Amino acid sequence: MRRSHPRPLPLPRVGSSQAPGTSQPRECPRSCRAPGPGVSIGGGTADVSTTGTPSAARDGVAPRNSTTPLPARTDPGCRGGVAPCRTGPCCRPARVAPGVASRPPRRGCPVLTPPPATSRRQGAPSPPRSRSARSRLPGQSARGVSAGRRKWQCRGAAMAEARPLRLLALHGYRQSALRLRQRTGALRKALRGRAELVAIDAPHRLPSSAEDDPDGDDPPRGWWFSGPGTFEAGEAATAPAGLEESLSAVAAALAEHGPFDGLLGFSQGAALAAMVCALRARGDPRFPVAFAVLVAAFASRAPAHGHFYREPIALPSLHVVGDTDAVIAAALSRELAQCFVEPVVLSHPGGHFIPAAAAQKKAYLEFLERFCPGQGQAERPEAGEARERAL
């Protein structure tokens with residue numbers, strides 16, 4: 001039988017006081033530890049000089065509280081083409097806590113540098129971004145952001161204002177502000193949160209009739225007369241009276257109870273609102289309104305009022321026309337609509353009243369969405385002739 005030789009015990013490290021036969025930690029197979037001064041690796045002898053050098057430094061490891069730099073590596077194998085072991089103390093990437101200075105790497109030994117931090121948590125600064133880039137969606141260009149801002153400009157302004165549109169309401173002939181409010185309950189409910197109506201009384205009182213309030217607390221009123229104490233929409237009055245007082249009353253209401261965004265008129269009040277729009281389009285500062293909603297409106301036949309309709313009225317308007325209106329014929333309302341620039345005509349199958357059904361409510365809201373509270377300006381409507389909605 002072949003005689004087996006006992007496995008030789010590992011030799012102690014140079015300068016170490018560890019006795020033979022005791023266990024030692026696993027060393028790096030590449031001999032990464034730097035030798036102390038006077039030690040040469042690769043030969044058959046080792047010359048150790050212990051003068052002035054601590055024992056830990058002779059082992060290639062600097063003492064914990066020492067600032068003495070380590071000697072240069074002389075092992076050619078550590079700088080060769082051998083792959084690092086990744087287990088020795090010089091081949092593992094150092095883990096350093098944030099804000100703590102790390103020990104400089106040993107010269108001649110490959111150092112595995114961890115990848116640079118890319119997140120804000122690791123302390124890496126994020127690249128600066130412009131204001132438009134911060135509000136831009138992925139894949140959206142700066143031009144698209146500007147277009148979106150213009151599209152929602154009025155809606156954003158309306159939310160910033162935190163108030164609905166305010167419309168000055170003008171009642172019809174032989175009516176009053178209280179009666180108009182009573183007859184527009186469905187409309188005010190349909191516009192709740194979007195617009196509010198503020199009605200005023202006409203300056204001219206009319207004699208009461210059997211249909212009026214017997215107590216006389218709310219007498220009927222009118223905006224102007226075509227004859228002595230009477231009015232007919234289709235009459236070409238030669239001497240109309242009372243219009244200037246009504247225009248002054250509207251201007252005073254806009255100044256005292258404003259700001260108002262637009263007008264809402266019914267019957268004779270709608271005809272007066274159309275005259276106010278004509279003056280506003282000419283630049284009259286007494287009437288700072290941006291649009292008008294005209295229900296059962298008409299153009300005055302009086303020759304003295306012809307100057308209101310000579311030029312196109314460049315103000316957004318919504319004309320509500322009743323197909324079966326027996327008081328103000330639908331033809332008169334459509335004739336007035338042609339005096340405006342790009343009017344919106346809303347037809348309904350009813351008569352002489354302010355409609356507020358679901359179809360009309362949708363048309364009102366679509367028209368009012370074009371305007372911003374307190375801005376005094378409206379979004380330009382689409383180019384084209386008068387648009388009519390047959391509902």
# chains A, B, ... in the order shown; residues from 1 in each chain; ligands from 1
>>> residues_around(residues="Ala190 (chain A)", least_positions_apart="5", cutoff="10 Å", atoms="only C-alpha atoms", output="MDAnalysis selection string")
chainID A and resid 184:185 195 356:358 360:362 364:365
>>> write_last_selection(atoms="N, CA and C atoms", output="PDB file, in the first residue's frame")
ATOM      1  N   THR A 184     -89.296  82.314 -14.698  1.00  0.00           N
ATOM      2  CA  THR A 184     -88.015  81.725 -15.129  1.00  0.00           C
ATOM      3  C   THR A 184     -87.463  80.765 -14.078  1.00  0.00           C
ATOM      4  N   GLY A 185     -88.328  80.170 -13.271  1.00  0.00           N
ATOM      5  CA  GLY A 185     -87.837  79.231 -12.251  1.00  0.00           C
ATOM      6  C   GLY A 185     -87.151  78.018 -12.851  1.00  0.00           C
ATOM      7  N   ALA A 195     -74.810  80.125 -14.270  1.00  0.00           N
ATOM      8  CA  ALA A 195     -75.191  81.513 -14.509  1.00  0.00           C
ATOM      9  C   ALA A 195     -76.315  81.888 -13.560  1.00  0.00           C
ATOM     10  N   ALA A 356     -87.187  75.872 -21.190  1.00  0.00           N
ATOM     11  CA  ALA A 356     -86.114  75.370 -20.317  1.00  0.00           C
ATOM     12  C   ALA A 356     -86.135  73.851 -20.240  1.00  0.00           C
ATOM     13  N   ALA A 357     -86.540  73.179 -21.330  1.00  0.00           N
ATOM     14  CA  ALA A 357     -86.510  71.721 -21.363  1.00  0.00           C
ATOM     15  C   ALA A 357     -85.064  71.233 -21.484  1.00  0.00           C
ATOM     16  N   ALA A 358     -84.908  69.916 -21.512  1.00  0.00           N
ATOM     17  CA  ALA A 358     -83.551  69.343 -21.553  1.00  0.00           C
ATOM     18  C   ALA A 358     -82.795  69.767 -22.806  1.00  0.00           C
ATOM     19  N   GLN A 360     -83.256  72.530 -24.660  1.00  0.00           N
ATOM     20  CA  GLN A 360     -82.885  73.944 -24.571  1.00  0.00           C
ATOM     21  C   GLN A 360     -81.812  74.172 -23.503  1.00  0.00           C
ATOM     22  N   LYS A 361     -81.886  73.437 -22.408  1.00  0.00           N
ATOM     23  CA  LYS A 361     -80.854  73.572 -21.375  1.00  0.00           C
ATOM     24  C   LYS A 361     -79.480  73.258 -21.933  1.00  0.00           C
ATOM     25  N   LYS A 362     -79.375  72.219 -22.731  1.00  0.00           N
ATOM     26  CA  LYS A 362     -78.080  71.865 -23.331  1.00  0.00           C
ATOM     27  C   LYS A 362     -77.582  72.971 -24.242  1.00  0.00           C
ATOM     28  N   TYR A 364     -78.316  76.211 -24.012  1.00  0.00           N
ATOM     29  CA  TYR A 364     -77.902  77.338 -23.175  1.00  0.00           C
ATOM     30  C   TYR A 364     -76.496  77.115 -22.616  1.00  0.00           C
ATOM     31  N   LEU A 365     -76.261  75.932 -22.089  1.00  0.00           N
ATOM     32  CA  LEU A 365     -74.960  75.668 -21.470  1.00  0.00           C
ATOM     33  C   LEU A 365     -73.836  75.670 -22.497  1.00  0.00           C
TER      34      LEU A 365
END
>>> select_by_dssp(residues="region 204-353 of chain A", states="alpha helix (DSSP H)", output="ChimeraX atom specification")
/A:243-256,268-281,330-337
>>> write_last_selection(atoms="C-alpha atoms", output="tab-separated table (two decimals), in the first residue's frame")
chain	number	residue	atom	x	y	z
A	243	LEU	CA	-86.30	104.71	-24.90
A	244	GLU	CA	-83.59	107.06	-23.59
A	245	GLU	CA	-84.80	106.65	-20.00
A	246	SER	CA	-84.67	102.87	-20.39
A	247	LEU	CA	-81.12	102.93	-21.78
A	248	SER	CA	-80.06	105.09	-18.82
A	249	ALA	CA	-81.72	102.65	-16.39
A	250	VAL	CA	-79.83	99.71	-17.91
A	251	ALA	CA	-76.52	101.61	-17.74
A	252	ALA	CA	-77.17	102.49	-14.09
A	253	ALA	CA	-77.98	98.88	-13.22
A	254	LEU	CA	-74.77	97.66	-14.88
A	255	ALA	CA	-72.76	100.19	-12.90
A	256	GLU	CA	-74.46	99.77	-9.52
A	268	GLN	CA	-89.66	93.89	-25.54
A	269	GLY	CA	-86.77	93.47	-23.10
A	270	ALA	CA	-84.97	91.36	-25.74
A	271	ALA	CA	-85.50	94.13	-28.30
A	272	LEU	CA	-83.97	96.60	-25.83
A	273	ALA	CA	-81.07	94.21	-25.19
A	274	ALA	CA	-80.38	94.12	-28.94
A	275	MET	CA	-80.12	97.93	-28.95
A	276	VAL	CA	-77.71	97.76	-26.02
A	277	CYS	CA	-75.60	95.24	-27.95
A	278	ALA	CA	-75.46	97.61	-30.91
A	279	LEU	CA	-74.20	100.42	-28.68
A	280	ARG	CA	-71.68	98.08	-27.05
A	281	ALA	CA	-70.36	96.99	-30.45
A	330	ALA	CA	-90.92	83.74	-35.55
A	331	ALA	CA	-90.17	85.72	-38.73
A	332	LEU	CA	-89.55	88.89	-36.67
A	333	SER	CA	-87.11	87.09	-34.39
A	334	ARG	CA	-85.20	85.62	-37.34
A	335	GLU	CA	-85.07	89.03	-39.00
A	336	LEU	CA	-83.36	90.48	-35.92
A	337	ALA	CA	-80.89	87.58	-35.83
>>> residues_around(residues="Pro207 (chain A)", least_positions_apart="6", cutoff="10 Å", atoms="only C-alpha atoms", output="mmCIF file with N, CA, C and O atoms, in the first residue's frame")
data_model
loop_
_atom_site.group_PDB
_atom_site.id
_atom_site.type_symbol
_atom_site.label_atom_id
_atom_site.label_comp_id
_atom_site.auth_asym_id
_atom_site.auth_seq_id
_atom_site.Cartn_x
_atom_site.Cartn_y
_atom_site.Cartn_z
ATOM 1 N N ARG A 174 -95.472 94.970 -20.104
ATOM 2 C CA ARG A 174 -96.498 94.701 -19.111
ATOM 3 C C ARG A 174 -96.066 93.611 -18.120
ATOM 4 O O ARG A 174 -96.890 92.875 -17.588
ATOM 5 N N GLY A 216 -101.697 96.350 -6.320
ATOM 6 C CA GLY A 216 -100.854 97.395 -6.877
ATOM 7 C C GLY A 216 -99.443 97.410 -6.371
ATOM 8 O O GLY A 216 -98.719 98.382 -6.602
ATOM 9 N N PRO A 219 -96.863 96.750 -10.104
ATOM 10 C CA PRO A 219 -97.558 97.204 -11.312
ATOM 11 C C PRO A 219 -96.815 96.781 -12.569
ATOM 12 O O PRO A 219 -95.595 96.556 -12.555
ATOM 13 N N PRO A 220 -97.487 96.635 -13.690
ATOM 14 C CA PRO A 220 -96.816 96.313 -14.961
ATOM 15 C C PRO A 220 -95.980 97.493 -15.439
ATOM 16 O O PRO A 220 -96.271 98.659 -15.149
ATOM 17 N N ARG A 221 -94.944 97.168 -16.206
ATOM 18 C CA ARG A 221 -94.006 98.190 -16.667
ATOM 19 C C ARG A 221 -93.660 97.951 -18.127
ATOM 20 O O ARG A 221 -93.903 96.871 -18.685
ATOM 21 N N GLY A 229 -99.027 105.689 -24.195
ATOM 22 C CA GLY A 229 -99.321 104.645 -23.227
ATOM 23 C C GLY A 229 -99.571 103.282 -23.818
ATOM 24 O O GLY A 229 -100.046 102.387 -23.098
#
>>> residues_around(residues="Gly234 (chain A)", least_positions_apart="5", cutoff="10 Å", atoms="only C-alpha atoms", output="NGL selection string")
:A and (226 or 298-302 or 328-329 or 332)
>>> write_last_selection(atoms="N, CA, C and O atoms", output="mmCIF file, in the first residue's frame")
data_model
loop_
_atom_site.group_PDB
_atom_site.id
_atom_site.type_symbol
_atom_site.label_atom_id
_atom_site.label_comp_id
_atom_site.auth_asym_id
_atom_site.auth_seq_id
_atom_site.Cartn_x
_atom_site.Cartn_y
_atom_site.Cartn_z
ATOM 1 N N SER A 226 -94.874 102.973 -28.308
ATOM 2 C CA SER A 226 -95.037 103.330 -29.722
ATOM 3 C C SER A 226 -96.148 104.363 -29.922
ATOM 4 O O SER A 226 -96.221 104.997 -30.964
ATOM 5 N N PHE A 298 -87.254 91.082 -31.354
ATOM 6 C CA PHE A 298 -87.672 91.686 -32.621
ATOM 7 C C PHE A 298 -86.918 93.000 -32.780
ATOM 8 O O PHE A 298 -86.351 93.537 -31.814
ATOM 9 N N ALA A 299 -86.911 93.520 -33.977
ATOM 10 C CA ALA A 299 -86.302 94.818 -34.278
ATOM 11 C C ALA A 299 -87.397 95.879 -34.305
ATOM 12 O O ALA A 299 -88.475 95.663 -34.868
ATOM 13 N N SER A 300 -87.110 96.999 -33.669
ATOM 14 C CA SER A 300 -88.098 98.081 -33.614
ATOM 15 C C SER A 300 -88.376 98.617 -35.015
ATOM 16 O O SER A 300 -87.447 98.833 -35.805
ATOM 17 N N ARG A 301 -89.647 98.860 -35.326
ATOM 18 C CA ARG A 301 -90.048 99.374 -36.627
ATOM 19 C C ARG A 301 -90.022 100.899 -36.690
ATOM 20 O O ARG A 301 -90.215 101.473 -37.769
ATOM 21 N N ALA A 302 -89.783 101.527 -35.564
ATOM 22 C CA ALA A 302 -89.786 102.987 -35.551
ATOM 23 C C ALA A 302 -88.610 103.520 -36.354
ATOM 24 O O ALA A 302 -87.476 103.049 -36.194
ATOM 25 N N ILE A 328 -95.020 87.460 -30.745
ATOM 26 C CA ILE A 328 -93.897 87.893 -31.591
ATOM 27 C C ILE A 328 -93.676 86.772 -32.596
ATOM 28 O O ILE A 328 -93.231 85.675 -32.226
ATOM 29 N N ALA A 329 -93.990 87.042 -33.828
ATOM 30 C CA ALA A 329 -93.881 86.010 -34.857
ATOM 31 C C ALA A 329 -92.431 85.563 -35.002
ATOM 32 O O ALA A 329 -91.479 86.328 -34.779
ATOM 33 N N LEU A 332 -90.148 87.680 -37.236
ATOM 34 C CA LEU A 332 -89.551 88.892 -36.673
ATOM 35 C C LEU A 332 -88.284 88.571 -35.879
ATOM 36 O O LEU A 332 -87.304 89.328 -35.934
#
>>> residues_around(residues="Gly262 (chain A)", least_positions_apart="3", cutoff="8 Å", atoms="only C-alpha atoms", output="ChimeraX atom specification")
/A:165-168,289-293
>>> write_last_selection(atoms="C-alpha atoms", output="short mmCIF file (atom, residue, chain, number, x, y, z; two decimals), in the first residue's frame")
data_model
loop_
_atom_site.label_atom_id
_atom_site.label_comp_id
_atom_site.auth_asym_id
_atom_site.auth_seq_id
_atom_site.Cartn_x
_atom_site.Cartn_y
_atom_site.Cartn_z
CA LEU A 165 -71.79 84.10 -15.01
CA ARG A 166 -74.03 87.02 -14.15
CA LEU A 167 -76.74 88.07 -16.59
CA LEU A 168 -78.83 91.23 -16.35
CA VAL A 289 -71.32 93.21 -21.63
CA ALA A 290 -69.89 90.36 -23.68
CA PHE A 291 -72.95 88.53 -25.05
CA ALA A 292 -76.75 88.45 -25.09
CA VAL A 293 -79.47 85.79 -24.91
#
>>> atom_distance(atom1="CA of Leu191 (chain A)", atom2="CA of His171 (chain A)")
17.9 Å
>>> atom_distance(atom1="CA of Arg282 (chain A)", atom2="CA of Glu342 (chain A)")
16.9 Å
>>> atom_distance(atom1="CA of Ala296 (chain A)", atom2="CA of Ser267 (chain A)")
5.0 Å
>>> residues_around(residues="Val321 (chain A)", least_positions_apart="2", cutoff="9 Å", atoms="only C-alpha atoms", output="number ranges by chain")
A: 294-297, 319, 323-325, 329-331, 333-334, 345-352
>>> select_by_dssp(residues="region 124-371 of chain A", states="strand (DSSP E)", output="JSON, numbers by chain")
{"A": [165, 166, 167, 168, 169, 170, 195, 196, 197, 198, 199, 200, 204, 205, 221, 222, 262, 263, 264, 265, 266, 291, 292, 293, 294, 295, 317, 318, 319, 320, 321, 322, 344, 345, 346, 347, 348]}
